[in-house]
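Engineer: mmCIF, N, CA and C atoms, saved as protein-v5.cif, coming up:
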data_target
loop_
_atom_site.label_atom_id
_atom_site.label_comp_id
_atom_site.auth_asym_id
_atom_site.auth_seq_id
_atom_site.Cartn_x
_atom_site.Cartn_y
_atom_site.Cartn_z
N MET C 1 -2.63 -0.33 13.56
CA MET C 1 -3.26 -0.02 12.29
C MET C 1 -4.41 0.96 12.49
N PHE C 2 -5.17 0.81 13.55
CA PHE C 2 -6.30 1.70 13.80
C PHE C 2 -5.82 3.13 14.03
N CYS C 3 -4.67 3.29 14.65
CA CYS C 3 -4.14 4.63 14.92
C CYS C 3 -3.82 5.36 13.63
N ALA C 4 -3.45 4.64 12.59
CA ALA C 4 -3.08 5.27 11.32
C ALA C 4 -4.27 5.94 10.65
N ILE C 5 -5.47 5.45 10.91
CA ILE C 5 -6.64 6.04 10.25
C ILE C 5 -7.46 6.92 11.17
N THR C 6 -7.05 7.07 12.41
CA THR C 6 -7.75 7.92 13.35
C THR C 6 -7.51 9.37 12.98
N PRO C 7 -8.54 10.18 12.84
CA PRO C 7 -8.34 11.58 12.49
C PRO C 7 -7.50 12.31 13.53
N ALA C 8 -6.70 13.25 13.08
CA ALA C 8 -5.79 13.97 13.95
C ALA C 8 -6.53 14.83 14.96
N PHE C 9 -7.75 15.29 14.64
CA PHE C 9 -8.43 16.16 15.59
C PHE C 9 -8.86 15.41 16.82
N ALA C 10 -8.79 14.07 16.80
CA ALA C 10 -9.09 13.30 18.00
C ALA C 10 -8.04 13.60 19.07
N ILE C 11 -6.82 13.92 18.64
CA ILE C 11 -5.75 14.30 19.56
C ILE C 11 -6.00 15.72 20.07
N ASP C 12 -6.60 16.53 19.26
CA ASP C 12 -6.83 17.94 19.53
C ASP C 12 -8.34 18.19 19.46
N PRO C 13 -9.09 17.79 20.48
CA PRO C 13 -10.56 17.87 20.41
C PRO C 13 -11.07 19.31 20.30
N LEU C 14 -12.10 19.45 19.52
CA LEU C 14 -12.74 20.76 19.32
C LEU C 14 -14.17 20.67 19.83
N PRO C 15 -14.70 21.76 20.38
CA PRO C 15 -16.06 21.73 20.94
C PRO C 15 -17.16 21.90 19.88
N PHE C 16 -17.49 20.82 19.20
CA PHE C 16 -18.53 20.87 18.17
C PHE C 16 -19.90 20.98 18.83
N LYS C 17 -20.81 21.67 18.15
CA LYS C 17 -22.18 21.82 18.66
C LYS C 17 -22.93 20.51 18.61
N ASP C 18 -22.73 19.78 17.50
CA ASP C 18 -23.45 18.51 17.32
C ASP C 18 -22.68 17.62 16.36
N ALA C 19 -23.21 16.43 16.12
CA ALA C 19 -22.56 15.46 15.23
C ALA C 19 -22.52 15.96 13.79
N ALA C 20 -23.53 16.71 13.37
CA ALA C 20 -23.56 17.22 12.00
C ALA C 20 -22.41 18.20 11.76
N GLN C 21 -22.13 19.04 12.75
CA GLN C 21 -21.02 19.98 12.60
C GLN C 21 -19.69 19.23 12.57
N ARG C 22 -19.55 18.18 13.36
CA ARG C 22 -18.33 17.37 13.36
C ARG C 22 -18.16 16.69 12.00
N GLU C 23 -19.24 16.16 11.44
CA GLU C 23 -19.19 15.53 10.12
C GLU C 23 -18.78 16.53 9.04
N ARG C 24 -19.35 17.72 9.10
CA ARG C 24 -19.01 18.76 8.13
C ARG C 24 -17.52 19.10 8.24
N PHE C 25 -17.03 19.24 9.46
CA PHE C 25 -15.62 19.55 9.70
C PHE C 25 -14.73 18.45 9.16
N GLN C 26 -15.07 17.20 9.44
CA GLN C 26 -14.28 16.06 8.95
C GLN C 26 -14.27 16.02 7.43
N HIS C 27 -15.42 16.23 6.83
CA HIS C 27 -15.52 16.21 5.36
C HIS C 27 -14.66 17.33 4.75
N LEU C 28 -14.75 18.51 5.31
CA LEU C 28 -14.00 19.65 4.78
C LEU C 28 -12.50 19.45 4.96
N THR C 29 -12.06 19.05 6.13
CA THR C 29 -10.62 18.89 6.37
C THR C 29 -10.04 17.70 5.61
N SER C 30 -10.87 16.74 5.23
CA SER C 30 -10.37 15.62 4.43
C SER C 30 -10.17 16.02 2.97
N GLN C 31 -10.77 17.13 2.54
CA GLN C 31 -10.62 17.62 1.17
C GLN C 31 -9.45 18.58 1.01
N LEU C 32 -8.81 18.91 2.12
CA LEU C 32 -7.72 19.90 2.10
C LEU C 32 -6.40 19.23 2.43
N ARG C 33 -5.35 19.64 1.72
CA ARG C 33 -4.02 19.05 1.87
C ARG C 33 -3.22 19.81 2.94
N CYS C 34 -2.48 19.05 3.73
CA CYS C 34 -1.54 19.65 4.68
C CYS C 34 -0.38 20.20 3.88
N MET C 35 -0.05 21.45 4.06
CA MET C 35 1.02 22.08 3.28
C MET C 35 2.41 21.64 3.75
N VAL C 36 2.49 21.07 4.94
CA VAL C 36 3.78 20.58 5.44
C VAL C 36 3.99 19.14 4.97
N CYS C 37 3.00 18.30 5.19
CA CYS C 37 3.11 16.87 4.83
C CYS C 37 2.91 16.65 3.34
N GLN C 38 2.05 17.40 2.72
CA GLN C 38 1.72 17.40 1.30
C GLN C 38 1.03 16.14 0.80
N ASN C 39 1.20 15.01 1.44
CA ASN C 39 0.48 13.83 0.98
C ASN C 39 -0.55 13.39 2.01
N GLU C 40 -0.80 14.23 3.00
CA GLU C 40 -1.82 13.94 4.00
C GLU C 40 -2.85 15.06 4.01
N SER C 41 -4.05 14.69 4.39
CA SER C 41 -5.09 15.70 4.51
C SER C 41 -4.91 16.45 5.84
N LEU C 42 -5.57 17.58 5.95
CA LEU C 42 -5.55 18.31 7.21
C LEU C 42 -6.17 17.46 8.32
N ASP C 43 -7.11 16.63 7.93
CA ASP C 43 -7.80 15.76 8.86
C ASP C 43 -6.85 14.75 9.50
N ALA C 44 -5.87 14.27 8.75
CA ALA C 44 -5.00 13.19 9.22
C ALA C 44 -3.63 13.66 9.69
N SER C 45 -3.26 14.89 9.40
CA SER C 45 -1.91 15.37 9.69
C SER C 45 -1.75 15.79 11.16
N ASN C 46 -0.57 15.52 11.70
CA ASN C 46 -0.23 15.95 13.05
C ASN C 46 0.72 17.15 13.05
N ALA C 47 0.98 17.73 11.90
CA ALA C 47 1.88 18.88 11.80
C ALA C 47 1.27 20.08 12.51
N ASP C 48 2.13 20.96 13.03
CA ASP C 48 1.66 22.15 13.74
C ASP C 48 0.80 23.04 12.84
N LEU C 49 1.22 23.19 11.58
CA LEU C 49 0.44 24.01 10.65
C LEU C 49 -0.95 23.41 10.43
N ALA C 50 -1.02 22.09 10.30
CA ALA C 50 -2.32 21.43 10.10
C ALA C 50 -3.21 21.66 11.32
N ARG C 51 -2.64 21.58 12.52
CA ARG C 51 -3.42 21.81 13.74
C ARG C 51 -3.94 23.24 13.75
N ASP C 52 -3.06 24.20 13.40
CA ASP C 52 -3.48 25.60 13.37
C ASP C 52 -4.57 25.83 12.33
N LEU C 53 -4.43 25.21 11.16
CA LEU C 53 -5.46 25.37 10.11
C LEU C 53 -6.78 24.72 10.53
N ARG C 54 -6.72 23.58 11.21
CA ARG C 54 -7.96 22.97 11.71
C ARG C 54 -8.67 23.91 12.67
N HIS C 55 -7.91 24.55 13.57
CA HIS C 55 -8.51 25.51 14.50
C HIS C 55 -9.08 26.71 13.75
N GLN C 56 -8.37 27.17 12.74
CA GLN C 56 -8.84 28.31 11.96
C GLN C 56 -10.12 27.93 11.21
N ILE C 57 -10.16 26.73 10.64
CA ILE C 57 -11.37 26.26 9.94
C ILE C 57 -12.53 26.16 10.91
N PHE C 58 -12.26 25.63 12.09
CA PHE C 58 -13.30 25.52 13.11
C PHE C 58 -13.85 26.91 13.47
N GLU C 59 -12.95 27.88 13.65
CA GLU C 59 -13.39 29.25 13.98
C GLU C 59 -14.23 29.84 12.85
N MET C 60 -13.82 29.61 11.61
CA MET C 60 -14.57 30.12 10.47
C MET C 60 -15.95 29.47 10.40
N MET C 61 -16.01 28.19 10.73
CA MET C 61 -17.31 27.51 10.78
C MET C 61 -18.20 28.13 11.85
N GLN C 62 -17.61 28.47 13.00
CA GLN C 62 -18.36 29.10 14.09
C GLN C 62 -18.87 30.47 13.69
N GLN C 63 -18.15 31.14 12.78
CA GLN C 63 -18.56 32.45 12.30
C GLN C 63 -19.65 32.36 11.24
N GLY C 64 -20.00 31.13 10.85
CA GLY C 64 -21.07 30.94 9.89
C GLY C 64 -20.62 30.90 8.44
N LYS C 65 -19.32 30.78 8.20
CA LYS C 65 -18.83 30.74 6.82
C LYS C 65 -19.13 29.37 6.20
N SER C 66 -19.41 29.39 4.90
CA SER C 66 -19.71 28.15 4.18
C SER C 66 -18.41 27.42 3.85
N ASP C 67 -18.54 26.15 3.47
CA ASP C 67 -17.37 25.37 3.07
C ASP C 67 -16.64 26.03 1.91
N GLU C 68 -17.40 26.56 0.97
CA GLU C 68 -16.82 27.21 -0.20
C GLU C 68 -16.04 28.46 0.20
N GLN C 69 -16.57 29.24 1.12
CA GLN C 69 -15.87 30.44 1.59
C GLN C 69 -14.56 30.06 2.30
N ILE C 70 -14.61 29.00 3.08
CA ILE C 70 -13.42 28.54 3.79
C ILE C 70 -12.37 28.07 2.79
N LYS C 71 -12.79 27.32 1.79
CA LYS C 71 -11.86 26.85 0.75
C LYS C 71 -11.26 28.02 -0.01
N GLN C 72 -12.10 29.00 -0.36
CA GLN C 72 -11.59 30.17 -1.09
C GLN C 72 -10.56 30.92 -0.27
N TYR C 73 -10.78 31.04 1.02
CA TYR C 73 -9.81 31.70 1.90
C TYR C 73 -8.48 30.95 1.88
N LEU C 74 -8.53 29.62 2.01
CA LEU C 74 -7.31 28.82 2.04
C LEU C 74 -6.60 28.82 0.68
N VAL C 75 -7.36 28.80 -0.41
CA VAL C 75 -6.77 28.85 -1.75
C VAL C 75 -6.10 30.21 -1.96
N ALA C 76 -6.72 31.28 -1.51
CA ALA C 76 -6.12 32.61 -1.65
C ALA C 76 -4.80 32.69 -0.87
N ARG C 77 -4.73 31.96 0.20
CA ARG C 77 -3.53 32.00 1.05
C ARG C 77 -2.46 31.00 0.61
N TYR C 78 -2.88 29.80 0.17
CA TYR C 78 -1.92 28.72 -0.12
C TYR C 78 -1.95 28.23 -1.56
N SER C 79 -2.74 28.79 -2.42
CA SER C 79 -2.92 28.41 -3.82
C SER C 79 -3.78 27.15 -3.94
N ASP C 80 -4.03 26.75 -5.18
CA ASP C 80 -4.88 25.58 -5.44
C ASP C 80 -4.26 24.28 -4.91
N PHE C 81 -2.99 24.30 -4.58
CA PHE C 81 -2.31 23.11 -4.10
C PHE C 81 -2.91 22.61 -2.78
N VAL C 82 -3.56 23.49 -2.04
CA VAL C 82 -4.16 23.10 -0.76
C VAL C 82 -5.37 22.17 -0.98
N LEU C 83 -5.93 22.18 -2.18
CA LEU C 83 -7.08 21.34 -2.50
C LEU C 83 -6.62 20.00 -3.04
N TYR C 84 -7.23 18.90 -2.55
CA TYR C 84 -6.90 17.59 -3.12
C TYR C 84 -7.49 17.44 -4.51
N ASP C 85 -8.54 18.18 -4.82
CA ASP C 85 -9.19 18.12 -6.13
C ASP C 85 -9.20 19.53 -6.72
N PRO C 86 -8.04 19.99 -7.23
CA PRO C 86 -7.98 21.37 -7.73
C PRO C 86 -8.84 21.56 -8.97
N PRO C 87 -9.35 22.78 -9.18
CA PRO C 87 -10.17 23.04 -10.37
C PRO C 87 -9.31 23.02 -11.63
N LEU C 88 -9.95 22.75 -12.75
CA LEU C 88 -9.25 22.73 -14.04
C LEU C 88 -9.14 24.17 -14.56
N LYS C 89 -7.92 24.68 -14.56
CA LYS C 89 -7.65 26.01 -15.11
C LYS C 89 -6.21 26.03 -15.58
N ALA C 90 -5.79 27.10 -16.19
CA ALA C 90 -4.46 27.17 -16.82
C ALA C 90 -3.34 26.82 -15.84
N SER C 91 -3.44 27.29 -14.62
CA SER C 91 -2.35 27.06 -13.67
C SER C 91 -2.32 25.63 -13.13
N THR C 92 -3.38 24.86 -13.34
CA THR C 92 -3.41 23.48 -12.83
C THR C 92 -3.44 22.44 -13.95
N MET C 93 -3.21 22.86 -15.18
CA MET C 93 -3.23 21.93 -16.32
C MET C 93 -2.22 20.79 -16.12
N ALA C 94 -1.04 21.12 -15.63
CA ALA C 94 -0.01 20.09 -15.44
C ALA C 94 -0.47 19.06 -14.41
N LEU C 95 -1.14 19.50 -13.37
CA LEU C 95 -1.63 18.56 -12.35
C LEU C 95 -2.63 17.56 -12.94
N TRP C 96 -3.45 18.04 -13.87
CA TRP C 96 -4.49 17.19 -14.44
C TRP C 96 -4.00 16.32 -15.59
N PHE C 97 -3.15 16.89 -16.46
CA PHE C 97 -2.83 16.18 -17.69
C PHE C 97 -1.44 15.56 -17.76
N ALA C 98 -0.53 15.95 -16.90
CA ALA C 98 0.82 15.38 -16.94
C ALA C 98 0.83 13.87 -16.64
N PRO C 99 0.14 13.39 -15.62
CA PRO C 99 0.19 11.94 -15.36
C PRO C 99 -0.34 11.10 -16.52
N PRO C 100 -1.53 11.39 -17.08
CA PRO C 100 -1.97 10.57 -18.21
C PRO C 100 -1.06 10.72 -19.44
N ALA C 101 -0.52 11.92 -19.66
CA ALA C 101 0.38 12.13 -20.80
C ALA C 101 1.65 11.29 -20.63
N LEU C 102 2.17 11.22 -19.42
CA LEU C 102 3.36 10.41 -19.16
C LEU C 102 3.09 8.92 -19.39
N VAL C 103 1.91 8.46 -19.03
CA VAL C 103 1.54 7.06 -19.25
C VAL C 103 1.46 6.78 -20.75
N VAL C 104 0.84 7.67 -21.51
CA VAL C 104 0.72 7.49 -22.96
C VAL C 104 2.10 7.51 -23.61
N VAL C 105 2.93 8.48 -23.26
CA VAL C 105 4.28 8.57 -23.84
C VAL C 105 5.09 7.32 -23.47
N GLY C 106 5.00 6.88 -22.22
CA GLY C 106 5.70 5.67 -21.80
C GLY C 106 5.24 4.45 -22.58
N GLY C 107 3.94 4.33 -22.82
CA GLY C 107 3.41 3.22 -23.61
C GLY C 107 3.93 3.24 -25.04
N ILE C 108 4.01 4.42 -25.64
CA ILE C 108 4.53 4.54 -27.00
C ILE C 108 6.00 4.15 -27.05
N VAL C 109 6.78 4.60 -26.07
CA VAL C 109 8.21 4.26 -26.02
C VAL C 109 8.38 2.75 -25.89
N VAL C 110 7.63 2.12 -25.01
CA VAL C 110 7.74 0.66 -24.84
C VAL C 110 7.35 -0.05 -26.13
N PHE C 111 6.28 0.39 -26.78
CA PHE C 111 5.83 -0.22 -28.03
C PHE C 111 6.91 -0.12 -29.11
N VAL C 112 7.50 1.08 -29.26
CA VAL C 112 8.54 1.29 -30.28
C VAL C 112 9.76 0.43 -29.97
N LEU C 113 10.19 0.38 -28.72
CA LEU C 113 11.36 -0.42 -28.36
C LEU C 113 11.11 -1.91 -28.59
N LEU C 114 9.93 -2.40 -28.29
CA LEU C 114 9.62 -3.80 -28.52
C LEU C 114 9.59 -4.13 -30.01
N ARG C 115 9.10 -3.23 -30.82
CA ARG C 115 9.08 -3.47 -32.28
C ARG C 115 10.48 -3.48 -32.85
N LYS C 116 11.34 -2.55 -32.37
CA LYS C 116 12.72 -2.52 -32.85
C LYS C 116 13.46 -3.78 -32.44
N ARG C 117 13.19 -4.27 -31.25
CA ARG C 117 13.85 -5.47 -30.77
C ARG C 117 13.39 -6.70 -31.54
N ALA C 118 12.14 -6.74 -31.94
CA ALA C 118 11.59 -7.90 -32.65
C ALA C 118 12.05 -7.91 -34.12
N LYS C 119 12.30 -6.76 -34.72
CA LYS C 119 12.69 -6.66 -36.12
C LYS C 119 14.03 -7.35 -36.41
N PRO C 120 15.11 -7.07 -35.68
CA PRO C 120 16.38 -7.74 -35.98
C PRO C 120 16.28 -9.26 -35.82
N ALA C 121 15.55 -9.73 -34.86
CA ALA C 121 15.41 -11.18 -34.67
C ALA C 121 14.71 -11.80 -35.88
N ALA C 122 13.72 -11.15 -36.43
CA ALA C 122 13.01 -11.66 -37.61
C ALA C 122 13.92 -11.62 -38.83
N GLN C 123 14.73 -10.58 -38.97
CA GLN C 123 15.65 -10.48 -40.10
C GLN C 123 16.74 -11.54 -40.01
N ILE C 124 17.24 -11.80 -38.84
CA ILE C 124 18.27 -12.83 -38.66
C ILE C 124 17.70 -14.19 -39.02
N ALA C 125 16.49 -14.47 -38.62
CA ALA C 125 15.86 -15.76 -38.93
C ALA C 125 15.68 -15.92 -40.43
N MET C 126 15.35 -14.85 -41.15
CA MET C 126 15.15 -14.94 -42.60
C MET C 126 16.47 -15.08 -43.35
N ASN C 127 17.55 -14.48 -42.83
CA ASN C 127 18.83 -14.49 -43.50
C ASN C 127 19.61 -15.79 -43.27
N GLU C 128 19.22 -16.58 -42.32
CA GLU C 128 19.95 -17.82 -42.04
C GLU C 128 19.69 -18.82 -43.15
N THR C 129 20.77 -19.29 -43.73
CA THR C 129 20.65 -20.29 -44.79
C THR C 129 21.13 -21.64 -44.32
N GLY C 130 21.65 -21.68 -43.15
CA GLY C 130 22.15 -22.95 -42.63
C GLY C 130 23.64 -23.07 -42.82
N ASP C 131 24.26 -22.21 -43.59
CA ASP C 131 25.71 -22.23 -43.78
C ASP C 131 26.37 -21.45 -42.67
N ASP C 132 27.49 -21.94 -42.23
CA ASP C 132 28.20 -21.27 -41.12
C ASP C 132 29.34 -20.38 -41.62
N TRP C 133 29.36 -19.97 -42.78
CA TRP C 133 30.42 -19.13 -43.23
C TRP C 133 30.08 -17.72 -43.07
#
If you took the structure in this file and wrote it as structure tokens, what would it be?

Structural biologist:
Amino acid sequence: MFCAITPAFAIDPLPFKDAAQRERFQHLTSQLRCMVCQNESLDASNADLARDLRHQIFEMMQQGKSDEQIKQYLVARYSDFVLYDPPLKASTMALWFAPPALVVVGGIVVFVLLRKRAKPAAQIAMNETGDDW
């Protein structure tokens, strides 16, 4: 179980200057999605692309680039999909609003189906006179 939550860069150690730089790297790579795995962060992925991107991020950090500059570079290359928390804009509307819309539509469908199912049972109960003809 412990191996499942161990960051992938532990397998591929990088020469950080200090603990603060390691924390910054971990925080940044945990906010970015592996484009191969898609449901794992760069921090947790063992894919070759994730390893290469971690090295590239490390190099950009060494060059003095900010987290925002690094994210902008990756978004320009891989689109907003690389971000676990994409910004709200026209191209990401479906990512933000489709899940809640599906829940609302599903709730309405269930409500309507339950009402339709309850109506015939109520009508049958009212129409019964006790005669079997």

Engineer: Residues at most 7 Å from Leu49 of chain C, counting all atoms listed in the file, excluding those fewer than 6 positions away in the same chain, as a ChimeraX atom specification?

Structural biologist: /C:34-36

Engineer: Given the file shown, determine the residues that the PyMOL selection byres (((chain C and resi 77-88 and name CA) around 7) and name CA) selects; report them as a PDB file with N, CA and C atoms, in the frame of the given file.

Structural biologist:
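Result saved to expr30.pdb:
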ATOM      1  N   GLN C  31     -10.770  17.130   2.540  1.00  0.00           N
ATOM      2  CA  GLN C  31     -10.620  17.620   1.170  1.00  0.00           C
ATOM      3  C   GLN C  31      -9.450  18.580   1.010  1.00  0.00           C
ATOM      4  N   LEU C  32      -8.810  18.910   2.120  1.00  0.00           N
ATOM      5  CA  LEU C  32      -7.720  19.900   2.100  1.00  0.00           C
ATOM      6  C   LEU C  32      -6.400  19.230   2.430  1.00  0.00           C
ATOM      7  N   ARG C  33      -5.350  19.640   1.720  1.00  0.00           N
ATOM      8  CA  ARG C  33      -4.020  19.050   1.870  1.00  0.00           C
ATOM      9  C   ARG C  33      -3.220  19.810   2.940  1.00  0.00           C
ATOM     10  N   CYS C  34      -2.480  19.050   3.730  1.00  0.00           N
ATOM     11  CA  CYS C  34      -1.540  19.650   4.680  1.00  0.00           C
ATOM     12  C   CYS C  34      -0.380  20.200   3.880  1.00  0.00           C
ATOM     13  N   MET C  35      -0.050  21.450   4.060  1.00  0.00           N
ATOM     14  CA  MET C  35       1.020  22.080   3.280  1.00  0.00           C
ATOM     15  C   MET C  35       2.410  21.640   3.750  1.00  0.00           C
ATOM     16  N   TYR C  73     -10.780  31.040   1.020  1.00  0.00           N
ATOM     17  CA  TYR C  73      -9.810  31.700   1.900  1.00  0.00           C
ATOM     18  C   TYR C  73      -8.480  30.950   1.880  1.00  0.00           C
ATOM     19  N   LEU C  74      -8.530  29.620   2.010  1.00  0.00           N
ATOM     20  CA  LEU C  74      -7.310  28.820   2.040  1.00  0.00           C
ATOM     21  C   LEU C  74      -6.600  28.820   0.680  1.00  0.00           C
ATOM     22  N   VAL C  75      -7.360  28.800  -0.410  1.00  0.00           N
ATOM     23  CA  VAL C  75      -6.770  28.850  -1.750  1.00  0.00           C
ATOM     24  C   VAL C  75      -6.100  30.210  -1.960  1.00  0.00           C
ATOM     25  N   ALA C  76      -6.720  31.280  -1.510  1.00  0.00           N
ATOM     26  CA  ALA C  76      -6.120  32.610  -1.650  1.00  0.00           C
ATOM     27  C   ALA C  76      -4.800  32.690  -0.870  1.00  0.00           C
ATOM     28  N   LYS C  89      -7.920  24.680 -14.560  1.00  0.00           N
ATOM     29  CA  LYS C  89      -7.650  26.010 -15.110  1.00  0.00           C
ATOM     30  C   LYS C  89      -6.210  26.030 -15.580  1.00  0.00           C
ATOM     31  N   THR C  92      -3.380  24.860 -13.340  1.00  0.00           N
ATOM     32  CA  THR C  92      -3.410  23.480 -12.830  1.00  0.00           C
ATOM     33  C   THR C  92      -3.440  22.440 -13.950  1.00  0.00           C
ATOM     34  N   MET C  93      -3.210  22.860 -15.180  1.00  0.00           N
ATOM     35  CA  MET C  93      -3.230  21.930 -16.320  1.00  0.00           C
ATOM     36  C   MET C  93      -2.220  20.790 -16.120  1.00  0.00           C
TER      37      MET C  93
END

Engineer: If you take every atom of segment 88-93 of chain C that the file lists and fit an axis-aligned box around them with 5 Å extra on each side, what centre and edge lengths come out in Å to one decimal, as JSON?

Structural biologist:
{"center_x": -6.1, "center_y": 24.0, "center_z": -14.8, "size_x": 17.7, "size_y": 16.5, "size_z": 14.1}

Engineer: To one decimal in Å, tell me the separation between atom CA of Asp67 of chain C and atom N of Leu28 of chain C.

Structural biologist: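 Going from atom CA of Asp67 of chain C over to atom N of Leu28 of chain C, I get 7.7 Å.
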
Engineer: Interatomic distance between atom CA of Ser45 of chain C and atom CA of Gly64 of chain C?

Structural biologist: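 Value for the atom CA of Ser45 of chain C-atom CA of Gly64 of chain C distance: 24.7 Å.
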
Engineer: What does the distance between atom C of Val105 of chain C and atom CA of Glu40 of chain C come to in Å, to one decimal place?

Structural biologist: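 Interatomic distance here is 29.1 Å.
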
Engineer: Let's see if you can do this: from backbone DSSP, list all strand (DSSP E or B) residues in segment 23-93 of chain C, as a PyMOL selection string.

Structural biologist: chain C and resi 32-33+41+83

Engineer: Name the residues of segment 3-129 of chain C that come out as helix (DSSP H, G or I) in a backbone DSSP run; write them as a PyMOL selection string.

Structural biologist: chain C and resi 3-5+8-10+19-30+48-62+67-78+80-82+90-127

Engineer: Which residues come within 8 Å of segment 19-27 of chain C, counting only C-alpha atoms, excluding same-chain residues fewer than 6 positions away, as an NGL selection string?

Structural biologist: :C and (43 or 57-58)
